[in-house]
$ cat my_file.cif   # mmCIF, C-alpha atoms (C1' of nucleotides)
data_start
#
loop_
_atom_site.label_atom_id
_atom_site.label_comp_id
_atom_site.auth_asym_id
_atom_site.auth_seq_id
_atom_site.Cartn_x
_atom_site.Cartn_y
_atom_site.Cartn_z
CA MET A 261 253.26 66.06 217.29
CA PHE A 262 249.54 66.71 216.70
CA LYS A 263 246.93 64.00 217.03
CA PRO A 264 244.33 63.88 214.24
CA LEU A 265 240.95 65.40 215.06
CA ASP A 266 237.74 63.43 214.44
CA ALA A 267 236.16 65.58 211.72
CA LEU A 268 232.68 64.57 212.79
CA LEU A 269 233.21 66.07 216.22
CA HIS A 270 235.29 69.02 215.04
CA SER A 271 232.22 71.07 214.20
CA GLU A 272 230.79 73.72 216.49
CA LEU A 273 227.23 72.43 216.48
CA ARG A 274 227.98 68.71 216.57
CA LEU A 275 230.46 69.31 219.38
CA GLY A 276 227.79 71.22 221.29
CA ILE A 277 225.28 68.41 220.80
CA MET A 278 227.76 65.82 222.01
CA SER A 279 228.83 67.99 224.92
CA ILE A 280 225.22 68.19 226.10
CA LEU A 281 224.67 64.47 225.69
CA MET A 282 227.87 63.66 227.56
CA GLN A 283 226.25 65.34 230.53
CA THR A 284 222.61 64.36 230.16
CA GLU A 285 222.90 61.05 228.25
CA VAL A 286 219.44 61.74 226.73
CA ALA A 287 217.95 65.02 225.45
CA GLU A 288 215.00 66.24 223.38
CA PHE A 289 215.38 68.03 220.05
CA ALA A 290 213.93 71.28 221.41
CA TYR A 291 216.22 71.20 224.43
CA ILE A 292 219.33 70.77 222.30
CA LYS A 293 218.11 73.45 219.92
CA GLU A 294 217.76 75.94 222.74
CA LYS A 295 221.04 75.13 224.44
CA THR A 296 223.03 75.28 221.22
CA GLN A 297 221.14 78.29 219.82
CA SER A 298 220.95 76.52 216.49
CA THR A 299 218.32 76.55 213.77
CA ALA A 300 216.06 73.50 213.49
CA GLY A 301 217.28 72.72 209.99
CA ASN A 302 220.92 72.69 210.88
CA LEU A 303 220.27 70.72 214.04
CA SER A 304 218.24 68.13 212.16
CA ILE A 305 221.07 67.51 209.73
CA GLN A 306 223.83 67.38 212.32
CA LEU A 307 221.82 64.94 214.45
CA GLN A 308 221.42 62.70 211.41
CA LYS A 309 225.17 62.72 210.84
CA LEU A 310 225.91 61.80 214.43
CA SER A 311 223.29 59.09 214.18
CA GLU A 312 224.77 57.68 210.97
CA ALA A 313 228.12 57.38 212.73
CA ALA A 314 226.33 55.64 215.63
CA TYR A 315 227.55 58.29 218.04
CA ILE A 316 223.91 58.82 219.05
CA THR A 317 220.56 57.14 218.55
CA ILE A 318 217.42 59.02 217.59
CA GLU A 319 214.00 57.94 218.75
CA LYS A 320 210.77 59.38 217.39
CA SER A 321 207.62 59.32 219.45
CA PHE A 322 204.84 61.67 220.53
CA LYS A 323 204.54 64.07 223.41
CA GLY A 324 200.78 64.35 223.60
CA LYS A 325 199.80 65.14 220.04
CA TYR A 326 203.12 66.63 218.92
CA PRO A 327 206.03 64.68 217.49
CA LEU A 328 208.98 64.28 219.79
CA THR A 329 212.56 63.55 218.80
CA THR A 330 214.76 62.17 221.54
CA CYS A 331 218.53 61.74 221.27
CA ARG A 332 220.74 59.44 223.26
CA ILE A 333 224.52 59.15 223.24
CA THR A 334 225.98 55.70 222.60
CA SER A 335 229.06 54.14 224.17
CA LYS A 336 230.77 54.58 220.81
CA GLY A 337 229.89 58.29 220.95
CA LYS A 338 231.22 58.67 224.47
CA LEU A 339 234.50 57.05 223.52
CA ALA A 340 234.82 59.20 220.40
CA PHE A 341 234.24 62.35 222.46
CA GLU A 342 236.93 61.36 224.92
CA VAL A 343 239.40 60.58 222.15
CA TYR A 344 238.59 63.93 220.52
CA VAL A 345 239.15 65.88 223.73
CA ASP A 346 242.45 64.12 224.25
CA ALA A 347 243.53 64.90 220.69
CA LEU A 348 242.56 68.56 221.06
CA LYS A 349 244.85 68.88 224.06
CA SER A 350 247.81 68.22 221.77
CA TYR A 351 246.94 71.51 220.03
CA LEU A 352 246.01 73.55 223.08
CA ARG A 353 248.64 72.36 225.52
CA ILE A 354 246.27 72.53 228.46
CA ASP A 355 246.22 69.88 231.17
CA LYS A 356 249.49 68.04 230.53
CA THR A 357 248.60 65.23 232.97
CA MET B 554 225.98 77.97 227.70
CA PHE B 555 228.46 77.52 224.84
CA LYS B 556 230.80 80.29 223.79
CA PRO B 557 231.08 80.84 220.04
CA LEU B 558 234.18 79.39 218.38
CA ASP B 559 236.37 81.54 216.13
CA ALA B 560 235.81 79.80 212.78
CA LEU B 561 239.24 80.83 211.56
CA LEU B 562 240.91 78.91 214.36
CA HIS B 563 238.43 76.03 214.41
CA SER B 564 240.20 74.21 211.59
CA GLU B 565 242.64 71.39 212.15
CA LEU B 566 245.46 72.80 210.06
CA ARG B 567 245.09 76.46 211.04
CA LEU B 568 244.89 75.42 214.69
CA GLY B 569 248.09 73.42 214.28
CA ILE B 570 249.85 76.37 212.65
CA MET B 571 248.79 78.70 215.45
CA SER B 572 249.68 76.15 218.10
CA ILE B 573 253.22 75.97 216.74
CA LEU B 574 253.55 79.74 216.51
CA MET B 575 252.24 80.18 220.06
CA GLN B 576 255.30 78.23 221.12
CA THR B 577 257.94 79.39 218.68
CA GLU B 578 256.67 82.88 217.77
CA VAL B 579 258.38 82.52 214.36
CA ALA B 580 258.61 79.50 212.05
CA GLU B 581 259.57 78.68 208.49
CA PHE B 582 257.13 77.25 205.93
CA ALA B 583 258.97 73.94 205.68
CA TYR B 584 259.08 73.56 209.47
CA ILE B 585 255.33 74.11 209.82
CA LYS B 586 254.70 71.78 206.89
CA GLU B 587 256.64 68.99 208.55
CA LYS B 588 255.17 69.46 212.02
CA THR B 589 251.60 69.60 210.74
CA GLN B 590 252.08 66.86 208.14
CA SER B 591 250.22 69.03 205.65
CA THR B 592 250.57 69.43 201.89
CA ALA B 593 252.29 72.59 200.64
CA GLY B 594 249.18 73.74 198.78
CA ASN B 595 246.90 73.48 201.74
CA LEU B 596 249.46 75.10 204.01
CA SER B 597 249.98 77.98 201.61
CA ILE B 598 246.27 78.76 201.58
CA GLN B 599 245.73 78.47 205.31
CA LEU B 600 248.73 80.71 206.00
CA GLN B 601 247.24 83.30 203.68
CA LYS B 602 243.96 83.20 205.56
CA LEU B 603 245.66 83.66 208.90
CA SER B 604 247.66 86.48 207.41
CA GLU B 605 244.55 88.20 206.01
CA ALA B 606 243.07 88.15 209.50
CA ALA B 607 246.33 89.62 210.83
CA TYR B 608 246.79 86.64 213.14
CA ILE B 609 250.22 86.14 211.57
CA THR B 610 252.58 88.02 209.29
CA ILE B 611 254.36 86.38 206.37
CA GLU B 612 257.79 87.46 205.25
CA LYS B 613 259.37 86.32 202.02
CA SER B 614 263.14 86.29 201.65
CA PHE B 615 265.89 83.97 200.48
CA LYS B 616 267.82 81.25 202.23
CA GLY B 617 270.86 81.11 200.01
CA LYS B 618 269.40 80.75 196.55
CA TYR B 619 266.02 79.31 197.56
CA PRO B 620 262.96 81.29 198.51
CA LEU B 621 262.09 81.28 202.19
CA THR B 622 258.72 81.98 203.74
CA THR B 623 258.77 82.91 207.39
CA CYS B 624 255.69 83.22 209.58
CA ARG B 625 255.31 85.17 212.78
CA ILE B 626 252.37 85.30 215.15
CA THR B 627 250.96 88.75 215.99
CA SER B 628 249.62 89.98 219.30
CA LYS B 629 246.16 89.87 217.74
CA GLY B 630 246.77 86.22 216.85
CA LYS B 631 247.93 85.36 220.35
CA LEU B 632 244.85 86.94 221.85
CA ALA B 633 242.55 85.16 219.40
CA PHE B 634 244.16 81.83 220.24
CA GLU B 635 243.64 82.41 223.95
CA VAL B 636 240.02 83.40 223.45
CA TYR B 637 239.49 80.31 221.29
CA VAL B 638 240.98 77.97 223.88
CA ASP B 639 238.80 79.52 226.56
CA ALA B 640 235.69 79.11 224.39
CA LEU B 641 236.54 75.48 223.65
CA LYS B 642 236.62 74.73 227.35
CA SER B 643 232.90 75.50 227.51
CA TYR B 644 232.36 72.49 225.24
CA LEU B 645 234.89 70.15 226.77
CA ARG B 646 234.37 70.90 230.44
CA ILE B 647 238.02 70.51 231.25
CA ASP B 648 239.78 72.86 233.63
CA LYS B 649 236.81 74.41 235.45
CA THR B 650 238.99 76.96 237.27
"C1'" DT C 694 274.77 69.38 178.02
"C1'" DT C 695 270.26 68.41 178.04
"C1'" DT C 696 267.02 66.12 180.77
"C1'" DA C 697 265.38 64.65 185.02
"C1'" DT C 698 264.65 65.66 189.78
"C1'" DT C 699 264.28 68.53 193.83
"C1'" DT C 700 263.16 72.80 196.42
"C1'" DG C 701 259.76 75.98 197.72
"C1'" DG C 702 256.16 77.29 197.01
"C1'" DT C 703 251.19 79.25 194.29
"C1'" DT C 704 247.03 78.62 191.66
"C1'" DT C 705 243.12 76.14 190.14
"C1'" DA C 706 239.56 72.73 190.45
"C1'" DT C 707 236.83 69.60 193.02
"C1'" DA C 708 234.69 67.56 196.91
"C1'" DA C 709 232.83 68.12 201.38
"C1'" DT C 710 230.47 70.99 204.87
"C1'" DA C 711 227.68 74.21 207.12
"C1'" DT C 712 223.87 76.94 207.00
"C1'" DA C 713 219.78 79.39 205.66
"C1'" DA C 714 215.58 79.25 203.42
"C1'" DA C 715 211.68 76.89 202.04
"C1'" DC C 716 208.67 73.27 202.85
"C1'" DT C 717 205.67 69.49 205.26
"C1'" DA C 718 202.26 67.97 208.43
"C1'" DG C 719 199.56 68.51 211.95
"C1'" DT C 720 197.68 71.62 216.16
"C1'" DT C 721 195.95 75.43 218.54
"C1'" DT C 722 194.01 79.94 218.96
"C1'" DA C 723 191.17 83.94 217.53
"C1'" DT D 1192 188.09 79.13 209.03
"C1'" DA D 1193 192.03 81.42 208.71
"C1'" DA D 1194 196.14 82.69 210.94
"C1'" DA D 1195 199.79 81.38 213.69
"C1'" DC D 1196 202.38 77.96 216.11
"C1'" DT D 1197 204.89 73.27 217.06
"C1'" DA D 1198 208.20 70.18 215.50
"C1'" DG D 1199 210.63 69.10 212.64
"C1'" DT D 1200 212.65 67.68 207.22
"C1'" DT D 1201 214.27 68.76 202.67
"C1'" DT D 1202 216.47 71.50 199.33
"C1'" DA D 1203 219.57 74.93 197.69
"C1'" DT D 1204 223.41 77.90 198.27
"C1'" DA D 1205 227.60 79.63 199.99
"C1'" DT D 1206 231.77 78.58 202.22
"C1'" DT D 1207 235.68 75.64 203.21
"C1'" DA D 1208 239.11 72.26 202.90
"C1'" DT D 1209 241.86 69.66 200.16
"C1'" DA D 1210 244.09 67.56 196.32
"C1'" DA D 1211 245.99 68.06 191.99
"C1'" DA D 1212 248.28 70.67 188.74
"C1'" DC D 1213 251.35 74.11 187.89
"C1'" DC D 1214 255.54 77.47 188.09
"C1'" DA D 1215 260.35 79.05 188.47
"C1'" DA D 1216 264.73 78.29 189.74
"C1'" DA D 1217 268.45 75.11 191.36
"C1'" DT D 1218 270.84 70.91 191.37
"C1'" DA D 1219 271.99 66.24 190.05
"C1'" DA D 1220 272.31 62.59 186.63
"C1'" DA D 1221 273.09 60.53 181.92
#
$ encode --input "my_file.cif" --output "structure tokens"
Amino acid sequence: MFKPLDALLHSELRLGIMSILMQTEVAEFAYIKEKTQSTAGNLSIQLQKLSEAAYITIEKSFKGKYPLTTCRITSKGKLAFEVYVDALKSYLRIDKT
Amino acid sequence: MFKPLDALLHSELRLGIMSILMQTEVAEFAYIKEKTQSTAGNLSIQLQKLSEAAYITIEKSFKGKYPLTTCRITSKGKLAFEVYVDALKSYLRIDKT
DNA sequence: TTTATTTGGTTTATAATATAAACTAGTTTA
DNA sequence: TAAACTAGTTTATATTATAAACCAAATAAA
């Protein structure tokens, strides 16, 4: 009846991160922080978790003299997002197609 | 950008419970347990939480000689479910209408 | 008939999670 | 040179989900 939900994606902040990356493919830490209205600490941890699952990759570099953290969604992450959305529909009963 | 998600509904089991009740209005404990494939202990607790929020009401009676727990969705619960589904769409970008 | 076993749950304990607060390291401004 | 800011990470705490253990009564089995 109900499809299981990927626990890694079934989290408000991680879902927001992945939703952004599904659209932009790549995004900076500060950009994601602003769009999700999250704290830096929470964001840092949730990015690590997504990275550990290989749903995203994290690259550290410098923007001028400041550190810069850049996130990129992986093909595994894209697939997981799509599977999650499909599973959610079994709960919401929207878009029966 | 993203609408906040009702934490009470953003839980796999509680979402499943509410999804069932959105369709059936009323359901017995055993029925919900089977449809959600949950353990009795977990179900008992999640039903209590939904009841405390007045998203459902719980009625205890007897079916023959055995106890019977019946759950019913409230108008507040229906509204909350609809708001939650709408908020989720801001993350999933399905159904842009 | 007394001892399992099943029904229909609740309560308790533990593991996992999310989040806030505190901290690090360097940079810029006053 | 001291305060405040950028860009995060780490640690600690509170919340949550879940499994395991328990309870009471009913029924089935030996």
$ interface_residues --input "my_file.cif" --of "chain B" --to "chain D" --cutoff "12 Å" --atoms "only C-alpha atoms (C1' of nucleotides)" --output "short mmCIF file (atom, residue, chain, number, x, y, z; two decimals) with C-alpha atoms, in the coordinates of the input"
data_model
loop_
_atom_site.label_atom_id
_atom_site.label_comp_id
_atom_site.auth_asym_id
_atom_site.auth_seq_id
_atom_site.Cartn_x
_atom_site.Cartn_y
_atom_site.Cartn_z
CA ALA B 560 235.81 79.80 212.78
CA LEU B 561 239.24 80.83 211.56
CA HIS B 563 238.43 76.03 214.41
CA SER B 564 240.20 74.21 211.59
CA GLU B 565 242.64 71.39 212.15
CA LEU B 566 245.46 72.80 210.06
CA ARG B 567 245.09 76.46 211.04
CA SER B 591 250.22 69.03 205.65
CA THR B 592 250.57 69.43 201.89
CA ALA B 593 252.29 72.59 200.64
CA GLY B 594 249.18 73.74 198.78
CA ASN B 595 246.90 73.48 201.74
CA LEU B 596 249.46 75.10 204.01
CA SER B 597 249.98 77.98 201.61
CA ILE B 598 246.27 78.76 201.58
CA GLN B 599 245.73 78.47 205.31
CA LYS B 602 243.96 83.20 205.56
CA GLY B 617 270.86 81.11 200.01
CA LYS B 618 269.40 80.75 196.55
CA TYR B 619 266.02 79.31 197.56
CA PRO B 620 262.96 81.29 198.51
#
$ atom_distance --input "my_file.cif" --atom1 "CA of Lys629 (chain B)" --atom2 "CA of Tyr608 (chain B)"
5.7 Å
$ calpha_fit_and_write --input "my_file.cif" --fixed "chain A" --moving "chain B" --output "PDB file with C-alpha atoms, in the coordinates of the input"
ATOM      1  CA  MET B 554     253.221  66.033 217.331  1.00  0.00           C
ATOM      2  CA  PHE B 555     249.520  66.716 216.724  1.00  0.00           C
ATOM      3  CA  LYS B 556     246.923  63.995 217.045  1.00  0.00           C
ATOM      4  CA  PRO B 557     244.341  63.883 214.258  1.00  0.00           C
ATOM      5  CA  LEU B 558     240.947  65.390 215.083  1.00  0.00           C
ATOM      6  CA  ASP B 559     237.744  63.433 214.457  1.00  0.00           C
ATOM      7  CA  ALA B 560     236.163  65.580 211.727  1.00  0.00           C
ATOM      8  CA  LEU B 561     232.682  64.561 212.804  1.00  0.00           C
ATOM      9  CA  LEU B 562     233.207  66.064 216.236  1.00  0.00           C
ATOM     10  CA  HIS B 563     235.295  69.018 215.068  1.00  0.00           C
ATOM     11  CA  SER B 564     232.230  71.085 214.211  1.00  0.00           C
ATOM     12  CA  GLU B 565     230.794  73.714 216.501  1.00  0.00           C
ATOM     13  CA  LEU B 566     227.231  72.446 216.480  1.00  0.00           C
ATOM     14  CA  ARG B 567     227.977  68.715 216.571  1.00  0.00           C
ATOM     15  CA  LEU B 568     230.455  69.321 219.389  1.00  0.00           C
ATOM     16  CA  GLY B 569     227.786  71.221 221.306  1.00  0.00           C
ATOM     17  CA  ILE B 570     225.272  68.415 220.796  1.00  0.00           C
ATOM     18  CA  MET B 571     227.748  65.815 222.021  1.00  0.00           C
ATOM     19  CA  SER B 572     228.815  67.993 224.925  1.00  0.00           C
ATOM     20  CA  ILE B 573     225.212  68.186 226.106  1.00  0.00           C
ATOM     21  CA  LEU B 574     224.653  64.459 225.687  1.00  0.00           C
ATOM     22  CA  MET B 575     227.872  63.656 227.559  1.00  0.00           C
ATOM     23  CA  GLN B 576     226.228  65.337 230.518  1.00  0.00           C
ATOM     24  CA  THR B 577     222.596  64.366 230.144  1.00  0.00           C
ATOM     25  CA  GLU B 578     222.873  61.065 228.235  1.00  0.00           C
ATOM     26  CA  VAL B 579     219.425  61.756 226.711  1.00  0.00           C
ATOM     27  CA  ALA B 580     217.931  65.017 225.429  1.00  0.00           C
ATOM     28  CA  GLU B 581     214.995  66.213 223.376  1.00  0.00           C
ATOM     29  CA  PHE B 582     215.361  68.037 220.046  1.00  0.00           C
ATOM     30  CA  ALA B 583     213.908  71.274 221.394  1.00  0.00           C
ATOM     31  CA  TYR B 584     216.204  71.196 224.434  1.00  0.00           C
ATOM     32  CA  ILE B 585     219.325  70.765 222.299  1.00  0.00           C
ATOM     33  CA  LYS B 586     218.086  73.451 219.919  1.00  0.00           C
ATOM     34  CA  GLU B 587     217.725  75.941 222.743  1.00  0.00           C
ATOM     35  CA  LYS B 588     221.018  75.123 224.450  1.00  0.00           C
ATOM     36  CA  THR B 589     222.999  75.285 221.216  1.00  0.00           C
ATOM     37  CA  GLN B 590     221.117  78.292 219.833  1.00  0.00           C
ATOM     38  CA  SER B 591     220.923  76.512 216.492  1.00  0.00           C
ATOM     39  CA  THR B 592     218.286  76.547 213.759  1.00  0.00           C
ATOM     40  CA  ALA B 593     216.031  73.489 213.493  1.00  0.00           C
ATOM     41  CA  GLY B 594     217.249  72.699 209.979  1.00  0.00           C
ATOM     42  CA  ASN B 595     220.886  72.700 210.872  1.00  0.00           C
ATOM     43  CA  LEU B 596     220.237  70.717 214.031  1.00  0.00           C
ATOM     44  CA  SER B 597     218.213  68.123 212.161  1.00  0.00           C
ATOM     45  CA  ILE B 598     221.056  67.507 209.729  1.00  0.00           C
ATOM     46  CA  GLN B 599     223.817  67.374 212.307  1.00  0.00           C
ATOM     47  CA  LEU B 600     221.813  64.946 214.447  1.00  0.00           C
ATOM     48  CA  GLN B 601     221.419  62.714 211.418  1.00  0.00           C
ATOM     49  CA  LYS B 602     225.156  62.726 210.835  1.00  0.00           C
ATOM     50  CA  LEU B 603     225.894  61.802 214.421  1.00  0.00           C
ATOM     51  CA  SER B 604     223.286  59.098 214.184  1.00  0.00           C
ATOM     52  CA  GLU B 605     224.766  57.688 210.957  1.00  0.00           C
ATOM     53  CA  ALA B 606     228.101  57.384 212.735  1.00  0.00           C
ATOM     54  CA  ALA B 607     226.326  55.633 215.622  1.00  0.00           C
ATOM     55  CA  TYR B 608     227.534  58.295 218.047  1.00  0.00           C
ATOM     56  CA  ILE B 609     223.899  58.835 219.034  1.00  0.00           C
ATOM     57  CA  THR B 610     220.555  57.143 218.524  1.00  0.00           C
ATOM     58  CA  ILE B 611     217.413  59.043 217.574  1.00  0.00           C
ATOM     59  CA  GLU B 612     213.993  57.962 218.722  1.00  0.00           C
ATOM     60  CA  LYS B 613     210.792  59.410 217.349  1.00  0.00           C
ATOM     61  CA  SER B 614     207.621  59.327 219.419  1.00  0.00           C
ATOM     62  CA  PHE B 615     204.843  61.653 220.507  1.00  0.00           C
ATOM     63  CA  LYS B 616     204.543  64.064 223.386  1.00  0.00           C
ATOM     64  CA  GLY B 617     200.792  64.340 223.586  1.00  0.00           C
ATOM     65  CA  LYS B 618     199.787  65.169 220.045  1.00  0.00           C
ATOM     66  CA  TYR B 619     203.115  66.618 218.886  1.00  0.00           C
ATOM     67  CA  PRO B 620     206.012  64.668 217.475  1.00  0.00           C
ATOM     68  CA  LEU B 621     208.988  64.277 219.775  1.00  0.00           C
ATOM     69  CA  THR B 622     212.555  63.539 218.786  1.00  0.00           C
ATOM     70  CA  THR B 623     214.755  62.180 221.526  1.00  0.00           C
ATOM     71  CA  CYS B 624     218.512  61.741 221.258  1.00  0.00           C
ATOM     72  CA  ARG B 625     220.723  59.442 223.261  1.00  0.00           C
ATOM     73  CA  ILE B 626     224.491  59.154 223.241  1.00  0.00           C
ATOM     74  CA  THR B 627     225.970  55.690 222.600  1.00  0.00           C
ATOM     75  CA  SER B 628     229.030  54.133 224.174  1.00  0.00           C
ATOM     76  CA  LYS B 629     230.760  54.571 220.823  1.00  0.00           C
ATOM     77  CA  GLY B 630     229.882  58.272 220.949  1.00  0.00           C
ATOM     78  CA  LYS B 631     231.198  58.662 224.478  1.00  0.00           C
ATOM     79  CA  LEU B 632     234.471  57.044 223.527  1.00  0.00           C
ATOM     80  CA  ALA B 633     234.811  59.197 220.410  1.00  0.00           C
ATOM     81  CA  PHE B 634     234.219  62.333 222.459  1.00  0.00           C
ATOM     82  CA  GLU B 635     236.916  61.339 224.931  1.00  0.00           C
ATOM     83  CA  VAL B 636     239.386  60.567 222.168  1.00  0.00           C
ATOM     84  CA  TYR B 637     238.582  63.911 220.535  1.00  0.00           C
ATOM     85  CA  VAL B 638     239.134  65.863 223.743  1.00  0.00           C
ATOM     86  CA  ASP B 639     242.442  64.097 224.268  1.00  0.00           C
ATOM     87  CA  ALA B 640     243.532  64.891 220.700  1.00  0.00           C
ATOM     88  CA  LEU B 641     242.559  68.545 221.090  1.00  0.00           C
ATOM     89  CA  LYS B 642     244.837  68.846 224.086  1.00  0.00           C
ATOM     90  CA  SER B 643     247.807  68.218 221.796  1.00  0.00           C
ATOM     91  CA  TYR B 644     246.938  71.496 220.063  1.00  0.00           C
ATOM     92  CA  LEU B 645     246.017  73.531 223.101  1.00  0.00           C
ATOM     93  CA  ARG B 646     248.682  72.372 225.522  1.00  0.00           C
ATOM     94  CA  ILE B 647     246.356  72.511 228.472  1.00  0.00           C
ATOM     95  CA  ASP B 648     246.370  69.824 231.130  1.00  0.00           C
ATOM     96  CA  LYS B 649     249.758  68.194 230.498  1.00  0.00           C
ATOM     97  CA  THR B 650     249.086  65.357 232.961  1.00  0.00           C
TER      98      THR B 650
END
$ resolve_selection --input "my_file.cif" --expression "the PyMOL selection byres ((chain A and resi 276) around 9)" --output "PyMOL selection string"
(chain A and resi 271-275+277-281+292+295-296) or (chain B and resi 555+644)
$ closest_atom_pairs --input "my_file.cif" --of "chain C" --to "chain B" --cutoff "10 Å" --atoms "all atoms listed in the file" --output "tab-separated table"
residue	atom	partner	partner_atom	distance
C:DT700	C1'	B:Tyr619	CA	7.2
C:DG701	C1'	B:Pro620	CA	6.2
C:DG702	C1'	B:Ala593	CA	7.1
C:DT703	C1'	B:Gly594	CA	7.4
C:DT704	C1'	B:Gly594	CA	8.9
$ decode --input "my_file.cif" --residues "region 1195-1220 of chain D" --atoms "C-alpha atoms (C1' of nucleotides)" --output "PDB file, in the first residue's frame"
ATOM      1  C1'  DA D1195      33.139  42.458  14.312  1.00  0.00           C
ATOM      2  C1'  DC D1196      32.446  39.641  10.334  1.00  0.00           C
ATOM      3  C1'  DT D1197      32.975  35.427   6.991  1.00  0.00           C
ATOM      4  C1'  DA D1198      32.653  30.669   6.560  1.00  0.00           C
ATOM      5  C1'  DG D1199      32.222  27.210   8.317  1.00  0.00           C
ATOM      6  C1'  DT D1200      33.007  22.707  12.131  1.00  0.00           C
ATOM      7  C1'  DT D1201      32.418  20.438  16.487  1.00  0.00           C
ATOM      8  C1'  DT D1202      30.085  19.373  20.608  1.00  0.00           C
ATOM      9  C1'  DA D1203      26.184  18.904  23.546  1.00  0.00           C
ATOM     10  C1'  DT D1204      21.364  18.594  24.290  1.00  0.00           C
ATOM     11  C1'  DA D1205      16.675  17.759  23.410  1.00  0.00           C
ATOM     12  C1'  DT D1206      13.457  15.370  20.683  1.00  0.00           C
ATOM     13  C1'  DT D1207      11.877  11.406  18.098  1.00  0.00           C
ATOM     14  C1'  DA D1208      11.287   6.913  16.439  1.00  0.00           C
ATOM     15  C1'  DT D1209      11.458   2.325  17.310  1.00  0.00           C
ATOM     16  C1'  DA D1210      12.033  -2.080  19.411  1.00  0.00           C
ATOM     17  C1'  DA D1211      11.502  -4.811  23.268  1.00  0.00           C
ATOM     18  C1'  DA D1212       9.151  -5.968  27.226  1.00  0.00           C
ATOM     19  C1'  DC D1213       5.040  -6.084  29.497  1.00  0.00           C
ATOM     20  C1'  DC D1214      -0.165  -6.517  30.749  1.00  0.00           C
ATOM     21  C1'  DA D1215      -4.872  -8.417  30.896  1.00  0.00           C
ATOM     22  C1'  DA D1216      -8.151 -11.166  29.138  1.00  0.00           C
ATOM     23  C1'  DA D1217      -9.618 -14.895  25.895  1.00  0.00           C
ATOM     24  C1'  DT D1218      -9.025 -19.115  23.614  1.00  0.00           C
ATOM     25  C1'  DA D1219      -6.827 -23.408  22.322  1.00  0.00           C
ATOM     26  C1'  DA D1220      -4.015 -27.406  23.404  1.00  0.00           C
TER      27       DA D1220
END
